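Peer 1: Below is a structure I'd like to ask you about.
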Amino acid sequence: MDGTRTGAHLECINPKCLLRYEIGEARVECEKGHLLDVRYAQGPHVRTKDVFYRRRNSQGNIFDESGVWRFRELLNFCQIDTEDAQACASVLVSLDGAEGRQAKPYRMSKAAEFAGVASDGLWLQPEGYNPSGSFKDNGMTTAVTHARMTGADRIVCASTGNTSASAGMFAANEGMSCDVYIPAGQIAPGKLSQAYQFGAQIIEIDGNFDDALQQSLTDARTGGGYTVNSINPFRIEGQKTIPFRALEYLNWEVPDWIVYPGGALGNTSSCGKALMELYEWGWIKKMPRIAVINAEGARTLSDLYNGAFEGTELRWNAGLPDEDAIARYYAGLDERGERPRTKATAIQIGRPANILKGLRALEMTDGIVSTVSDAEMLDGMSVVGLNGFDCEMASGATVAGIKKLVKQEVIKRDDVVVGILTGRQKDAMLPVQYHQDPANRFAIPPKR
Ligand SMILES: *Cc1c(COP(=O)(O)O)cnc(C)c1O
């Protein structure tokens, strides 16, 4: 098969702007400040599914082994001949094929029972089984590939923890330097220690994640670093492989629901883009619905989407959502000095940078947004553990959210549901504290 080289460019998501840029440009927004999409002139033929399937027997080819690059025809922004091993090796960045390799959907009967769905209807995909321990590696692979294409030698990010662990790992592997902006004191030690271990330069910011992101973007602009946060459209391309792997595992039969925790909404955005493209290219005939689960203490999307702010439900609105309403919401947070607050620090985000793309994804998939409490997330995290799988508290939002939506009869008991477990446990004391308190639903307190 000839690899697909069909043309790709960057395009602004705002329908009144639609500015276009060459694929090799290093920019995270158009000159008017709108988010960008990678656009492909044409999708690959549906028979490429057979190529993906064949690659599962990788025969020593690391790009076939990779859970990201195995799907390279669907994210061929590099415009390489995807069947040319030498072209792959000289352009694509990979952790020796390990990114995305182990993350596929699993059945977890105790989690299904807890959530109230039929045990053959619930699939949970542990993206924590990535080399740096979170789904972030899926998108870091592609962002760092693009960074290399542009000749960058320093990558920059703000992080609630997992982005810095992933960026640090890739930078170290590629011999690049890495600057990491973190909200001082608000990062799980298990994540921060990874960034140090991989030789990243930590920059502590007095403030929260949203402040750290602003500072990192400003410094990258003035100091010439390459930003690898999820506003980078190439991060989104790699993260499309999360739903690709789930769908492939389900023989491309779409589930009724795909459920994610919501932080900066890169995942939501990438899932929506992946599904849109598959639909446009005729690979799937039906759209699954996306459910995004916010923490109760970091509920910007939920408030705006569900009409809790000013009574209007914020929608994509054909690309012209009410951005003034978002600005007023943020101004209100600032006036009241309100900060996002949840023990699930990975989703402790007040200003989701991808909110517009998130709205688009929700529109395309008839999606919904809900919230869960910290206690519910801890139960969700713990029941995943009882199935012999490991996930962190923010990922527990997925399971807790499914349970809540089943109870509300939004998700039906016999629906097929794919839940994404975004990261593995890096906050070692959380389970210890959880199990010491016999009042917790799944606690097994120590004996003495
Ligand atoms: C980054 C992260 C999230 C948030 O994902 P978004 O794409 O920013 O919404 C959720 N869970 C974990 C474990 C993360 O590391």
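Letters A, B, ... go to the chains of the structure tokens in the order shown; residues in each chain start at 1; ligands are counted from 1 in the same order.
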Could you list the protein, DNA and RNA residues that have any atom within 6 Å of ligand 1, counting only C-alpha atoms and all ligand atoms, and write them as a PyMOL selection string?

Peer 2: chain A and resi 134+162+261-267+346-347+394-395+422-423

Peer 1: Please report as CSV every residue of range 308-376 of chain A lying within 12 Å of range 16-31 of chain A, along with the nearest atom pair and their distance in Å (one decimal), using only C-alpha atoms.

Peer 2:
```
residue,atom,partner,partner_atom,distance
A:Ala318,CA,A:Lys16,CA,10.5
A:Gly319,CA,A:Lys16,CA,8.4
A:Leu320,CA,A:Lys16,CA,8.4
A:Pro321,CA,A:Lys16,CA,12.0
A:Ala353,CA,A:Val28,CA,11.2
A:Asn354,CA,A:Val28,CA,11.3
```

Peer 1: Next, dump the selected residues to file, keeping only all heavy atoms, as a CSV table (one decimal), in the first residue's frame.

Peer 2:
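Saved as again10.csv:
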```csv
chain,number,residue,atom,x,y,z
A,318,ALA,N,-22.7,26.7,16.0
A,318,ALA,CA,-22.1,26.8,14.7
A,318,ALA,C,-20.7,27.5,14.7
A,318,ALA,O,-20.4,28.2,13.7
A,318,ALA,CB,-23.1,27.4,13.7
A,319,GLY,N,-20.0,27.4,15.8
A,319,GLY,CA,-18.7,28.0,15.8
A,319,GLY,C,-18.6,29.4,16.4
A,319,GLY,O,-17.6,30.0,16.5
A,320,LEU,N,-19.8,29.9,16.8
A,320,LEU,CA,-19.8,31.3,17.4
A,320,LEU,C,-20.5,31.2,18.8
A,320,LEU,O,-21.5,31.8,19.0
A,320,LEU,CB,-20.6,32.2,16.5
A,320,LEU,CG,-20.0,32.4,15.1
A,320,LEU,CD1,-20.9,33.2,14.2
A,320,LEU,CD2,-18.6,33.1,15.2
A,321,PRO,N,-19.9,30.4,19.7
A,321,PRO,CA,-20.5,30.4,21.1
A,321,PRO,C,-20.4,31.7,21.7
A,321,PRO,O,-19.6,32.6,21.3
A,321,PRO,CB,-19.6,29.3,21.8
A,321,PRO,CG,-18.3,29.3,21.0
A,321,PRO,CD,-18.6,29.7,19.6
A,353,ALA,N,-8.7,25.5,28.8
A,353,ALA,CA,-8.1,26.2,27.6
A,353,ALA,C,-8.8,25.7,26.3
A,353,ALA,O,-8.8,26.5,25.4
A,353,ALA,CB,-6.6,26.0,27.6
A,354,ASN,N,-9.3,24.5,26.3
A,354,ASN,CA,-9.9,24.0,25.1
A,354,ASN,C,-11.4,24.1,25.1
A,354,ASN,O,-12.1,23.3,24.4
A,354,ASN,CB,-9.5,22.5,24.9
A,354,ASN,CG,-8.0,22.4,24.4
A,354,ASN,OD1,-7.7,22.9,23.3
A,354,ASN,ND2,-7.2,21.8,25.2
```

Peer 1: I'd like the neighbourhood of Gly67 in chain A as a count of residues only, where a residue qualifies if any of its atoms comes within 10 Å (using only C-alpha atoms), though same-chain residues fewer than 6 positions away should be ignored.

Peer 2: 16

Peer 1: Counting only C-alpha atoms, which of A:Gly161, A:Pro44, A:Pro255, A:Pro431 gets nearest to Arg72 in chain A?

Peer 2: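 Counting only C-alpha atoms, the residue closest to Arg72 in chain A is A:Pro44.
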
Peer 1: Work out how far apart CA of Val144 in chain A and CA of Gly175 in chain A are and give it in Å to one decimal.

Peer 2: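 So the answer is 11.4 Å.
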